[in-house]
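Following: one structure in structure tokens, then a few remarks.
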Amino acid sequence: MRYPQGGGLTAERQAFRERVRMEAAVMFAEGRGSTEIAKELRVSVRSVQRWRRAWREAGRDGVRSLGSASRPKLSVMLFAVLEEELAKGPIAHGWPDQRWTLARIKTLIGRRFHKSMTLSGISQMLRRHGWSHQVPARRAVERDEAAVAGWVKDMWPRLEPPRRRSEPGSSSRTRPDSR
């Protein structure tokens with residue numbers, strides 16, 4: 001995915017990029033060079049060349065963005081329905097506990113909308129709409145903080161593999177002493 005934090009550009013960034021394209025179209029009409037335009041607009045020369053070609057073929061409309069490359073699997077309306085279903089909770093949909101997993105959401109989308117999505121696609125869609133991994137709002141009453149701290153101090157170092165010491169070595173795995 002190209003924009004990992006949000007799964008795409010915000011409306012403000014899309015509008016900003018569109019303004020840059022339109023400024024480039026004005027500069028094309030003025031007869032300015034690609035390198036000069038790229039420097040001033042802080043974009044690549046290749047992008048300016050591509051926009052110039054589109055401008056020659058179709059004018060200002062050729063420079064406009066065509067939007068995202070693909071339509072989302074679930075429209076805004078269907079995603080609102082999905083949110084309502086998720087709000088009902090997993091138990092209402094037949095699962096034994098109150099955990100929403102990506103696999104369960106995938107099953108719900110398949111049952112409710114008769115659509116198939118990958119787990120990563122579902123994760124990206126949820127992040128785009130402001131959903132995040134759930135973290136409990138409070139700690140369990142049964143949690144023993146002293147036992148947890150003792151486990152982390154005593155048991156964890158034994159389970160964690162030791163770090164390799166920095167020593168001179170060989171780049172060959174099969175013949176380590178072949179220097």
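So you can find residues: chains in the structure tokens are A, B, ... in the order shown, residues in each start at 1, and ligands are numbered from 1 in order.
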
Requested in this report: Go through stretch 18-165 of chain A and collect every residue that DSSP, computed from the backbone, puts in alpha helix (DSSP H); the answer should be as JSON, numbers by chain.
Outcome: {"A": [18, 19, 20, 21, 22, 23, 24, 25, 26, 27, 28, 29, 30, 34, 35, 36, 37, 38, 39, 40, 41, 45, 46, 47, 48, 49, 50, 51, 52, 53, 54, 55, 56, 57, 58, 60, 61, 62, 63, 76, 77, 78, 79, 80, 81, 82, 83, 84, 85, 86, 87, 88, 102, 103, 104, 105, 106, 107, 108, 109, 110, 111, 112, 113, 119, 120, 121, 122, 123, 124, 125, 126, 127, 128, 145, 146, 147, 148, 149, 150, 156, 157, 158, 159]}

Report task. Determine, counting only C-alpha atoms, which protein, DNA and RNA residues have an atom within 8 Å of an atom of A:Arg21; residues of the same chain fewer than 2 positions away are not included. Present the result as JSON, numbers by chain. Result -> {"A": [17, 18, 19, 23, 24, 25, 51, 63, 64]}

A:Lys106: which residues within 12 Å, counting only C-alpha atoms, same-chain residues fewer than 6 positions away excluded, as a PDB file with N, CA and C atoms, in the first residue's frame?
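What follows is the written file result_35.pdb:
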```pdb
ATOM      1  N   LEU A  82     -22.309  -2.012   7.800  1.00  0.00           N
ATOM      2  CA  LEU A  82     -21.318  -2.863   8.463  1.00  0.00           C
ATOM      3  C   LEU A  82     -21.031  -2.347   9.869  1.00  0.00           C
ATOM      4  N   LEU A  86     -21.351  -4.356  13.317  1.00  0.00           N
ATOM      5  CA  LEU A  86     -20.242  -4.503  14.264  1.00  0.00           C
ATOM      6  C   LEU A  86     -20.638  -3.999  15.650  1.00  0.00           C
ATOM      7  N   TRP A 100     -13.903  -9.060  18.066  1.00  0.00           N
ATOM      8  CA  TRP A 100     -13.989  -8.957  16.618  1.00  0.00           C
ATOM      9  C   TRP A 100     -12.595  -9.210  16.055  1.00  0.00           C
ATOM     10  N   ARG A 112     -23.398 -11.005   5.020  1.00  0.00           N
ATOM     11  CA  ARG A 112     -24.311  -9.857   4.937  1.00  0.00           C
ATOM     12  C   ARG A 112     -24.374  -9.243   3.544  1.00  0.00           C
ATOM     13  N   PHE A 113     -23.193  -9.126   2.872  1.00  0.00           N
ATOM     14  CA  PHE A 113     -23.140  -8.397   1.605  1.00  0.00           C
ATOM     15  C   PHE A 113     -22.794  -9.285   0.405  1.00  0.00           C
ATOM     16  N   HIS A 114     -22.505 -10.554   0.667  1.00  0.00           N
ATOM     17  CA  HIS A 114     -22.119 -11.499  -0.391  1.00  0.00           C
ATOM     18  C   HIS A 114     -20.923 -10.984  -1.184  1.00  0.00           C
ATOM     19  N   LYS A 115     -19.936 -10.459  -0.448  1.00  0.00           N
ATOM     20  CA  LYS A 115     -18.710  -9.960  -1.051  1.00  0.00           C
ATOM     21  C   LYS A 115     -17.533 -10.629  -0.363  1.00  0.00           C
ATOM     22  N   SER A 116     -16.458 -10.823  -1.112  1.00  0.00           N
ATOM     23  CA  SER A 116     -15.255 -11.432  -0.565  1.00  0.00           C
ATOM     24  C   SER A 116     -14.141 -10.400  -0.518  1.00  0.00           C
ATOM     25  N   MET A 117     -13.480 -10.308   0.617  1.00  0.00           N
ATOM     26  CA  MET A 117     -12.365  -9.377   0.775  1.00  0.00           C
ATOM     27  C   MET A 117     -11.226 -10.103   1.466  1.00  0.00           C
ATOM     28  N   THR A 118     -10.004  -9.644   1.228  1.00  0.00           N
ATOM     29  CA  THR A 118      -8.859 -10.213   1.927  1.00  0.00           C
ATOM     30  C   THR A 118      -8.794  -9.608   3.329  1.00  0.00           C
ATOM     31  N   LEU A 119      -8.067 -10.277   4.209  1.00  0.00           N
ATOM     32  CA  LEU A 119      -7.935  -9.766   5.572  1.00  0.00           C
ATOM     33  C   LEU A 119      -7.204  -8.427   5.578  1.00  0.00           C
ATOM     34  N   SER A 120      -6.153  -8.297   4.748  1.00  0.00           N
ATOM     35  CA  SER A 120      -5.429  -7.019   4.708  1.00  0.00           C
ATOM     36  C   SER A 120      -6.321  -5.931   4.124  1.00  0.00           C
ATOM     37  N   GLY A 121      -7.161  -6.267   3.150  1.00  0.00           N
ATOM     38  CA  GLY A 121      -8.095  -5.293   2.581  1.00  0.00           C
ATOM     39  C   GLY A 121      -9.098  -4.817   3.618  1.00  0.00           C
ATOM     40  N   ILE A 122      -9.560  -5.727   4.454  1.00  0.00           N
ATOM     41  CA  ILE A 122     -10.500  -5.366   5.518  1.00  0.00           C
ATOM     42  C   ILE A 122      -9.805  -4.459   6.526  1.00  0.00           C
ATOM     43  N   SER A 123      -8.573  -4.809   6.891  1.00  0.00           N
ATOM     44  CA  SER A 123      -7.814  -4.002   7.837  1.00  0.00           C
ATOM     45  C   SER A 123      -7.615  -2.590   7.304  1.00  0.00           C
ATOM     46  N   MET A 125      -9.418  -1.013   5.034  1.00  0.00           N
ATOM     47  CA  MET A 125     -10.707  -0.343   4.954  1.00  0.00           C
ATOM     48  C   MET A 125     -11.113   0.189   6.332  1.00  0.00           C
ATOM     49  N   LEU A 126     -10.930  -0.631   7.364  1.00  0.00           N
ATOM     50  CA  LEU A 126     -11.303  -0.212   8.717  1.00  0.00           C
ATOM     51  C   LEU A 126     -10.453   0.977   9.161  1.00  0.00           C
TER      52      LEU A 126
END
```

Query raised in the report: Got a sec: who's within 9 Å of stretch 92-97 of chain A, counting only C-alpha atoms, leaving out chain neighbours fewer than 5 positions off, as a list in words?
Result: Glu85, Arg104 and Leu108 of chain A

Please write the residues from the selection above to a file, keeping all heavy atoms, as a compact mmCIF listing (two decimals), in the first residue's frame.
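The file below, again32.txt, is the result:
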```
# COMPACT_ATOMS: atom_id res chain seq x y z
N GLU A 85 -23.72 -3.41 12.15
CA GLU A 85 -23.59 -4.84 12.46
C GLU A 85 -22.48 -5.07 13.49
O GLU A 85 -22.62 -5.87 14.40
CB GLU A 85 -23.33 -5.65 11.19
CG GLU A 85 -24.46 -5.62 10.19
CD GLU A 85 -25.74 -6.25 10.71
OE1 GLU A 85 -25.66 -7.24 11.47
OE2 GLU A 85 -26.82 -5.74 10.36
N ARG A 104 -13.44 -12.88 11.46
CA ARG A 104 -14.87 -12.80 11.76
C ARG A 104 -15.55 -11.70 10.96
O ARG A 104 -16.66 -11.87 10.46
CB ARG A 104 -15.09 -12.56 13.26
CG ARG A 104 -14.75 -13.77 14.10
CD ARG A 104 -14.96 -13.49 15.56
NE ARG A 104 -14.67 -14.66 16.36
CZ ARG A 104 -14.81 -14.71 17.67
NH1 ARG A 104 -15.23 -13.65 18.33
NH2 ARG A 104 -14.53 -15.82 18.33
N LEU A 108 -18.57 -12.01 8.31
CA LEU A 108 -19.75 -11.15 8.40
C LEU A 108 -20.01 -10.44 7.07
O LEU A 108 -21.15 -10.39 6.60
CB LEU A 108 -19.57 -10.12 9.52
CG LEU A 108 -20.70 -9.10 9.70
CD1 LEU A 108 -21.99 -9.79 10.10
CD2 LEU A 108 -20.31 -8.05 10.72
```

Query - Interatomic distance, atom CA of A:Ala38 to atom CA of A:Val26 (Å, one decimal) - result: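 Atom-to-atom, atom CA of A:Ala38 and atom CA of A:Val26 are spaced 13.2 Å apart.
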